Amino acid sequence: MTLQEKKEKLTSYIKEMESLAVAFSSGVDSTFLLKTAHEVLGDKVIAVTARSCSFPERELKEAIAFCKEEGIRHFIVDSEELDIEGFESNPKNRCYLCKHELFEKIAVIAKEQGIKEIAEGSNLDDNGDYRPGLIAVAELNIKSPLRYAELTKEDIRTLSKEMDLKTWDKQSFACLSSRFVYGETISREKLSMVDKAEQRLLDMGFSQVRVRIHGTIARIEVLPSQLERLVSVREEITGYFHELGFSYVTMDLDGYRMGSMNATLKEDTE
């Protein structure tokens with residue numbers, strides 16, 4: 001299937017929905033989905049963004065700005081994951097607990113606004129990773145238009161660039177809770193440490209970063225092409241990270257890769 005055919009499949013699918021609430025994080029995928037849905041359905045589309053301590057303030061501000069610029073009705077819902085029973089212990093189904101609670105809240109808003117369907121922004125590449133959140137998506141009958149249209153992350157970036165979306169080359173993002181090894185307690189304090197650490201790296205010009213947290217150890221992931229630069233500014237980075245509360249600061253020689261924390265799940269099954 002060509003890229004144009006995928007785009008046509010996506011727009012046809014969205015048109016069939018008649019009205020749609022998009023779970024909007026301001027990331028590459030959800031921005032492209034929201035923009036496309038708004039072009040197809042106009043004011044029958046709303047955006048809903050979750051506000052929580054695992055969602056950086058910069059992302060929330062970008063979500064608000066985008067919807068204002070595009071003239072899209074935008075709703076912000078408080079969805080504090082740490083208030084969900086069992087979440088802070090970081091179980092392997094952590095993402096399921098979070099998504100289930102979030103989509104239930106979006107469903108309330110959708111009903112109040114007379115919106116027929118709810119959609120989220122997972123793409124075809126997400127099928128190949130451990131994604132317990134997709135179980136919640138299936139259980140609650142949430143639509144996944146990008147997966148339906150067989151669009152990959154690369155496809156979405158290409159189409160986003162054609163649409164002049166600023167997010168076309170934005171770094172991939174996942175909630176800050178994904179930086180914790182499974183079983184390690186998630187706290188507001190540590191979420192803040194990770195958020196500030198990643199923000200510093202982004203401010204320094206690193207384009208794709210993760211700061212994984214293991215106790216008081218920070219494991220930095222950047223693109224392999226930027227590993228050398230990371231070493232060259234190590235004193236600035238380690239000094240700031242120590243101020244945040246990290247005892248040790250390490251560099252992951254494998255570089256950035258999606259879902260690296262899921263490697264421990266594979267080890268458990270071997």
# chains A, B, ... in the order shown; residues from 1 in each chain; ligands from 1
>>> residues_around(residues="segment 230-241 of chain A", least_positions_apart="2", cutoff="9 Å", atoms="only C-alpha atoms", output="PyMOL selection string")
chain A and resi 193+196-197+200-201+206+218+222+226-228+243-251
>>> write_last_selection(atoms="N, CA, C and O atoms", output="JSON list (two decimals), in the first residue's frame")
[["chain", "number", "residue", "atom", "x", "y", "z"],
["A", 193, "MET", "N", 12.50, 14.69, 38.95],
["A", 193, "MET", "CA", 13.93, 14.56, 38.67],
["A", 193, "MET", "C", 14.15, 14.18, 37.20],
["A", 193, "MET", "O", 14.98, 14.77, 36.50],
["A", 196, "LYS", "N", 13.13, 17.14, 34.78],
["A", 196, "LYS", "CA", 14.13, 18.21, 34.74],
["A", 196, "LYS", "C", 15.42, 17.75, 34.06],
["A", 196, "LYS", "O", 16.05, 18.52, 33.32],
["A", 197, "ALA", "N", 15.80, 16.50, 34.27],
["A", 197, "ALA", "CA", 17.02, 15.96, 33.65],
["A", 197, "ALA", "C", 16.87, 15.91, 32.13],
["A", 197, "ALA", "O", 17.76, 16.33, 31.38],
["A", 200, "ARG", "N", 16.89, 19.40, 30.55],
["A", 200, "ARG", "CA", 18.23, 19.97, 30.41],
["A", 200, "ARG", "C", 18.92, 19.43, 29.16],
["A", 200, "ARG", "O", 19.55, 20.19, 28.41],
["A", 201, "LEU", "N", 18.79, 18.13, 28.90],
["A", 201, "LEU", "CA", 19.41, 17.54, 27.71],
["A", 201, "LEU", "C", 18.79, 18.10, 26.43],
["A", 201, "LEU", "O", 19.50, 18.38, 25.46],
["A", 206, "PHE", "N", 20.20, 18.00, 22.43],
["A", 206, "PHE", "CA", 20.07, 16.57, 22.12],
["A", 206, "PHE", "C", 18.64, 16.34, 21.61],
["A", 206, "PHE", "O", 17.67, 16.75, 22.23],
["A", 218, "ALA", "N", 20.94, 7.41, 37.17],
["A", 218, "ALA", "CA", 20.36, 7.91, 35.93],
["A", 218, "ALA", "C", 21.08, 7.24, 34.75],
["A", 218, "ALA", "O", 22.31, 7.29, 34.67],
["A", 222, "VAL", "N", 20.72, 8.62, 24.37],
["A", 222, "VAL", "CA", 20.63, 9.60, 23.29],
["A", 222, "VAL", "C", 20.85, 8.83, 21.99],
["A", 222, "VAL", "O", 21.20, 7.65, 22.00],
["A", 226, "GLN", "N", 24.97, 10.91, 18.74],
["A", 226, "GLN", "CA", 25.22, 11.99, 19.69],
["A", 226, "GLN", "C", 25.93, 11.52, 20.96],
["A", 226, "GLN", "O", 26.13, 12.31, 21.88],
["A", 227, "LEU", "N", 26.35, 10.26, 20.97],
["A", 227, "LEU", "CA", 27.04, 9.73, 22.15],
["A", 227, "LEU", "C", 28.36, 10.47, 22.42],
["A", 227, "LEU", "O", 28.69, 10.78, 23.56],
["A", 228, "GLU", "N", 29.09, 10.73, 21.34],
["A", 228, "GLU", "CA", 30.37, 11.42, 21.50],
["A", 228, "GLU", "C", 30.18, 12.81, 22.10],
["A", 228, "GLU", "O", 30.95, 13.23, 22.98],
["A", 243, "GLU", "N", 22.84, 17.55, 41.34],
["A", 243, "GLU", "CA", 22.03, 18.55, 42.04],
["A", 243, "GLU", "C", 20.57, 18.11, 42.14],
["A", 243, "GLU", "O", 19.89, 18.40, 43.13],
["A", 244, "LEU", "N", 20.11, 17.40, 41.12],
["A", 244, "LEU", "CA", 18.73, 16.92, 41.12],
["A", 244, "LEU", "C", 18.51, 15.80, 42.13],
["A", 244, "LEU", "O", 17.37, 15.56, 42.55],
["A", 245, "GLY", "N", 19.61, 15.10, 42.51],
["A", 245, "GLY", "CA", 19.47, 14.01, 43.47],
["A", 245, "GLY", "C", 19.96, 12.66, 43.00],
["A", 245, "GLY", "O", 19.86, 11.67, 43.72],
["A", 246, "PHE", "N", 20.51, 12.60, 41.78],
["A", 246, "PHE", "CA", 21.05, 11.34, 41.28],
["A", 246, "PHE", "C", 22.44, 11.09, 41.87],
["A", 246, "PHE", "O", 23.30, 11.98, 41.83],
["A", 247, "SER", "N", 22.65, 9.90, 42.41],
["A", 247, "SER", "CA", 23.97, 9.57, 42.98],
["A", 247, "SER", "C", 24.97, 9.23, 41.89],
["A", 247, "SER", "O", 26.15, 9.56, 41.99],
["A", 248, "TYR", "N", 24.49, 8.56, 40.85],
["A", 248, "TYR", "CA", 25.36, 8.14, 39.74],
["A", 248, "TYR", "C", 24.71, 8.52, 38.42],
["A", 248, "TYR", "O", 23.48, 8.46, 38.28],
["A", 249, "VAL", "N", 25.53, 8.88, 37.45],
["A", 249, "VAL", "CA", 25.04, 9.26, 36.13],
["A", 249, "VAL", "C", 25.77, 8.41, 35.10],
["A", 249, "VAL", "O", 27.00, 8.43, 35.01],
["A", 250, "THR", "N", 25.02, 7.63, 34.31],
["A", 250, "THR", "CA", 25.62, 6.72, 33.35],
["A", 250, "THR", "C", 25.13, 6.99, 31.94],
["A", 250, "THR", "O", 24.06, 7.57, 31.74],
["A", 251, "MET", "N", 25.88, 6.54, 30.96],
["A", 251, "MET", "CA", 25.51, 6.66, 29.55],
["A", 251, "MET", "C", 25.27, 5.26, 29.00],
["A", 251, "MET", "O", 26.10, 4.37, 29.18]]
>>> residues_around(residues="Leu176 of chain A", least_positions_apart="6", cutoff="10 Å", atoms="only C-alpha atoms", output="PyMOL selection string")
chain A and resi 53-56+186+190-192+194-195+198+210-212
>>> write_last_selection(atoms="N, CA and C atoms", output="PDB file, in the first residue's frame")
ATOM      1  N   CYS A  53       1.369  14.501  36.808  1.00  0.00           N
ATOM      2  CA  CYS A  53       2.778  14.733  37.136  1.00  0.00           C
ATOM      3  C   CYS A  53       3.715  13.933  36.234  1.00  0.00           C
ATOM      4  N   SER A  54       3.175  13.006  35.446  1.00  0.00           N
ATOM      5  CA  SER A  54       4.018  12.253  34.519  1.00  0.00           C
ATOM      6  C   SER A  54       3.995  12.854  33.118  1.00  0.00           C
ATOM      7  N   PHE A  55       3.298  13.971  32.963  1.00  0.00           N
ATOM      8  CA  PHE A  55       3.187  14.647  31.673  1.00  0.00           C
ATOM      9  C   PHE A  55       3.852  16.011  31.789  1.00  0.00           C
ATOM     10  N   PRO A  56       4.990  16.216  31.134  1.00  0.00           N
ATOM     11  CA  PRO A  56       5.733  17.477  31.261  1.00  0.00           C
ATOM     12  C   PRO A  56       4.903  18.711  30.923  1.00  0.00           C
ATOM     13  N   ILE A 186       7.168   4.512  41.844  1.00  0.00           N
ATOM     14  CA  ILE A 186       7.085   5.784  41.132  1.00  0.00           C
ATOM     15  C   ILE A 186       6.618   6.848  42.117  1.00  0.00           C
ATOM     16  N   LYS A 190      10.642  11.664  42.065  1.00  0.00           N
ATOM     17  CA  LYS A 190      11.486  11.067  41.035  1.00  0.00           C
ATOM     18  C   LYS A 190      11.002  11.421  39.632  1.00  0.00           C
ATOM     19  N   LEU A 191       9.691  11.560  39.460  1.00  0.00           N
ATOM     20  CA  LEU A 191       9.172  12.004  38.166  1.00  0.00           C
ATOM     21  C   LEU A 191       9.697  13.395  37.842  1.00  0.00           C
ATOM     22  N   SER A 192       9.744  14.248  38.857  1.00  0.00           N
ATOM     23  CA  SER A 192      10.268  15.605  38.668  1.00  0.00           C
ATOM     24  C   SER A 192      11.747  15.579  38.326  1.00  0.00           C
ATOM     25  N   VAL A 194      13.376  13.203  36.740  1.00  0.00           N
ATOM     26  CA  VAL A 194      13.502  12.747  35.354  1.00  0.00           C
ATOM     27  C   VAL A 194      13.109  13.850  34.385  1.00  0.00           C
ATOM     28  N   ASP A 195      12.011  14.523  34.682  1.00  0.00           N
ATOM     29  CA  ASP A 195      11.518  15.595  33.822  1.00  0.00           C
ATOM     30  C   ASP A 195      12.568  16.694  33.668  1.00  0.00           C
ATOM     31  N   GLU A 198      15.718  15.423  31.653  1.00  0.00           N
ATOM     32  CA  GLU A 198      15.498  15.346  30.212  1.00  0.00           C
ATOM     33  C   GLU A 198      15.377  16.732  29.596  1.00  0.00           C
ATOM     34  N   ARG A 210      16.217   9.975  26.603  1.00  0.00           N
ATOM     35  CA  ARG A 210      15.523   9.325  27.698  1.00  0.00           C
ATOM     36  C   ARG A 210      16.471   9.322  28.889  1.00  0.00           C
ATOM     37  N   VAL A 211      15.948   9.621  30.063  1.00  0.00           N
ATOM     38  CA  VAL A 211      16.715   9.443  31.292  1.00  0.00           C
ATOM     39  C   VAL A 211      15.992   8.362  32.075  1.00  0.00           C
ATOM     40  N   ARG A 212      16.508   7.152  32.003  1.00  0.00           N
ATOM     41  CA  ARG A 212      15.926   6.021  32.722  1.00  0.00           C
ATOM     42  C   ARG A 212      16.428   6.051  34.162  1.00  0.00           C
TER      43      ARG A 212
END
>>> select_by_dssp(residues="segment 3-200 of chain A", states="strand (DSSP E)", output="ChimeraX atom specification")
/A:20-23,45-51,73-78,117-119
>>> residues_around(residues="Glu85 of chain A", least_positions_apart="6", cutoff="12 Å", atoms="only C-alpha atoms", output="PyMOL selection string")
chain A and resi 91+94+97-98+101
>>> write_last_selection(atoms="N, CA, C and O atoms", output="compact mmCIF listing (two decimals), in the first residue's frame")
# COMPACT_ATOMS: atom_id res chain seq x y z
N PRO A 91 3.71 -1.83 38.38
CA PRO A 91 3.56 -3.20 37.90
C PRO A 91 3.73 -3.28 36.39
O PRO A 91 3.73 -2.25 35.70
N ARG A 94 1.25 -1.43 34.25
CA ARG A 94 1.10 -0.02 34.62
C ARG A 94 0.38 0.79 33.55
O ARG A 94 -0.53 1.58 33.83
N LEU A 97 -3.41 0.27 33.49
CA LEU A 97 -4.13 0.96 34.56
C LEU A 97 -4.33 2.43 34.19
O LEU A 97 -5.41 3.00 34.38
N CYS A 98 -3.29 3.04 33.67
CA CYS A 98 -3.33 4.46 33.31
C CYS A 98 -4.30 4.72 32.16
O CYS A 98 -5.16 5.59 32.24
N GLU A 101 -8.09 4.25 32.99
CA GLU A 101 -8.64 5.36 33.76
C GLU A 101 -8.81 6.61 32.88
O GLU A 101 -9.83 7.30 32.94
>>> residues_around(residues="Thr158 of chain A", least_positions_apart="4", cutoff="12 Å", atoms="only C-alpha atoms", output="short mmCIF file (atom, residue, chain, number, x, y, z; two decimals) with C-alpha atoms, in the first residue's frame")
data_model
loop_
_atom_site.label_atom_id
_atom_site.label_comp_id
_atom_site.auth_asym_id
_atom_site.auth_seq_id
_atom_site.Cartn_x
_atom_site.Cartn_y
_atom_site.Cartn_z
CA LEU A 3 1.59 6.28 1.45
CA GLN A 4 -1.19 8.11 -0.39
CA LYS A 7 -3.74 8.49 3.93
CA VAL A 28 4.02 13.35 16.61
CA ASP A 29 1.23 10.80 16.22
CA PHE A 32 -1.09 14.31 13.00
CA LEU A 151 0.72 3.99 9.13
CA THR A 152 4.21 3.66 10.61
CA LYS A 153 6.03 6.36 12.56
CA GLU A 154 8.11 7.16 9.47
CA GLU A 162 3.84 17.62 3.93
CA MET A 163 1.14 19.20 6.13
CA ASP A 164 3.65 21.71 7.57
CA LEU A 165 3.17 20.36 11.09
CA LYS A 166 5.98 21.48 13.41
CA THR A 167 5.91 18.07 15.07
CA TRP A 168 7.14 16.21 11.99
CA ASP A 169 10.66 15.96 13.45
#
>>> residues_around(residues="segment 65-69 of chain A", least_positions_apart="6", cutoff="10 Å", atoms="only C-alpha atoms", output="ChimeraX atom specification")
/A:24,26,31,34-35,46-47,59,75,165-166
>>> residues_around(residues="Phe87 of chain A", least_positions_apart="4", cutoff="12 Å", atoms="only C-alpha atoms", output="MDAnalysis selection string")
chainID A and resid 80:83 91:101 177:178 180 182:187
>>> atom_distance(atom1="atom CA of Leu223 of chain A", atom2="atom CA of Val209 of chain A")
7.3 Å
>>> atom_distance(atom1="atom CA of Lys170 of chain A", atom2="atom CA of Gly27 of chain A")
7.5 Å
>>> residues_around(residues="Lys44 of chain A", least_positions_apart="2", cutoff="12 Å", atoms="only C-alpha atoms", output="list of chain:residue names")
A:Ile14, A:Lys15, A:Met17, A:Glu18, A:Ser19, A:Leu20, A:Ala21, A:Val22, A:Leu34, A:Ala37, A:His38, A:Glu39, A:Val40, A:Leu41, A:Gly42, A:Ile46, A:Ala47, A:Gly71, A:Ile72, A:Arg73, A:His74, A:Ala110, A:Gln113, A:Gly114, A:Ile115, A:Lys116, A:Glu117, A:Ile118
>>> closest_residue(among="A:Arg179, A:Ile156, A:Gln199, A:Ala23", to="Ile213 of chain A", atoms="only C-alpha atoms")
A:Arg179
>>> select_by_dssp(residues="segment 181-239 of chain A", states="alpha helix (DSSP H)", output="PyMOL selection string")
chain A and resi 188-203+227-232+234-239
>>> closest_residue(among="A:Ile220, A:Asp78, A:Arg157, A:Glu16", to="Lys143 of chain A", atoms="only C-alpha atoms")
A:Glu16
>>> atom_distance(atom1="atom CA of Ala149 of chain A", atom2="atom CA of Tyr13 of chain A")
8.2 Å
>>> decode(residues="segment 69-147 of chain A", atoms="C-alpha atoms", output="tab-separated table (two decimals), in the first residue's frame")
chain	number	residue	atom	x	y	z
A	69	GLU	CA	-3.97	27.95	16.67
A	70	GLU	CA	-6.08	25.37	14.81
A	71	GLY	CA	-9.38	26.43	16.35
A	72	ILE	CA	-10.04	23.01	17.86
A	73	ARG	CA	-12.16	22.64	20.99
A	74	HIS	CA	-9.79	21.47	23.70
A	75	PHE	CA	-10.55	19.87	27.05
A	76	ILE	CA	-7.99	19.24	29.79
A	77	VAL	CA	-8.76	16.47	32.24
A	78	ASP	CA	-6.89	15.78	35.47
A	79	SER	CA	-5.75	12.17	35.31
A	80	GLU	CA	-3.32	11.63	38.17
A	81	GLU	CA	-1.87	8.16	37.74
A	82	LEU	CA	-0.39	8.06	41.24
A	83	ASP	CA	-3.95	8.15	42.61
A	84	ILE	CA	-4.76	4.89	40.82
A	85	GLU	CA	-4.57	1.93	43.19
A	86	GLY	CA	-1.42	-0.10	42.54
A	87	PHE	CA	0.09	2.30	39.99
A	88	GLU	CA	2.90	3.68	42.14
A	89	SER	CA	4.37	0.19	42.61
A	90	ASN	CA	4.99	0.20	38.84
A	91	PRO	CA	3.56	-3.20	37.90
A	92	LYS	CA	4.06	-4.65	34.43
A	93	ASN	CA	0.51	-3.62	33.50
A	94	ARG	CA	1.10	-0.02	34.62
A	95	CYS	CA	0.19	1.39	31.22
A	96	TYR	CA	-3.08	-0.57	31.23
A	97	LEU	CA	-4.13	0.96	34.56
A	98	CYS	CA	-3.33	4.46	33.31
A	99	LYS	CA	-4.99	4.19	29.90
A	100	HIS	CA	-8.12	2.53	31.28
A	101	GLU	CA	-8.64	5.36	33.76
A	102	LEU	CA	-7.88	8.05	31.17
A	103	PHE	CA	-10.21	6.73	28.48
A	104	GLU	CA	-13.03	6.36	30.98
A	105	LYS	CA	-12.64	10.08	31.76
A	106	ILE	CA	-12.50	10.97	28.06
A	107	ALA	CA	-15.68	8.95	27.54
A	108	VAL	CA	-17.49	11.15	30.06
A	109	ILE	CA	-16.43	14.30	28.21
A	110	ALA	CA	-17.32	12.79	24.83
A	111	LYS	CA	-20.81	11.91	26.05
A	112	GLU	CA	-21.33	15.40	27.48
A	113	GLN	CA	-20.28	16.95	24.16
A	114	GLY	CA	-22.36	14.60	22.02
A	115	ILE	CA	-19.28	12.96	20.47
A	116	LYS	CA	-19.78	9.49	19.04
A	117	GLU	CA	-16.27	7.96	19.00
A	118	ILE	CA	-12.94	8.19	20.86
A	119	ALA	CA	-9.55	7.71	19.19
A	120	GLU	CA	-5.94	7.39	20.28
A	121	GLY	CA	-2.71	7.79	18.34
A	122	SER	CA	-0.85	4.47	18.39
A	123	ASN	CA	0.72	3.56	15.04
A	124	LEU	CA	1.63	0.32	13.28
A	125	ASP	CA	5.10	0.20	14.86
A	126	ASP	CA	3.50	-0.04	18.32
A	127	ASN	CA	2.22	-3.52	17.45
A	128	GLY	CA	5.76	-4.85	17.80
A	129	ASP	CA	6.39	-3.71	21.38
A	130	TYR	CA	4.97	-4.58	24.80
A	131	ARG	CA	1.97	-2.24	25.02
A	132	PRO	CA	-0.47	-3.21	27.80
A	133	GLY	CA	-2.25	0.09	27.23
A	134	LEU	CA	-3.59	-1.32	23.97
A	135	ILE	CA	-5.53	-3.90	26.00
A	136	ALA	CA	-7.45	-1.04	27.59
A	137	VAL	CA	-7.97	0.44	24.13
A	138	ALA	CA	-9.55	-2.81	22.95
A	139	GLU	CA	-11.66	-3.32	26.08
A	140	LEU	CA	-13.17	0.18	25.91
A	141	ASN	CA	-13.66	0.13	22.12
A	142	ILE	CA	-11.31	3.04	21.55
A	143	LYS	CA	-10.44	3.56	17.90
A	144	SER	CA	-6.85	3.47	16.60
A	145	PRO	CA	-7.09	5.12	13.17
A	146	LEU	CA	-3.34	5.22	12.49
A	147	ARG	CA	-2.94	1.50	13.11
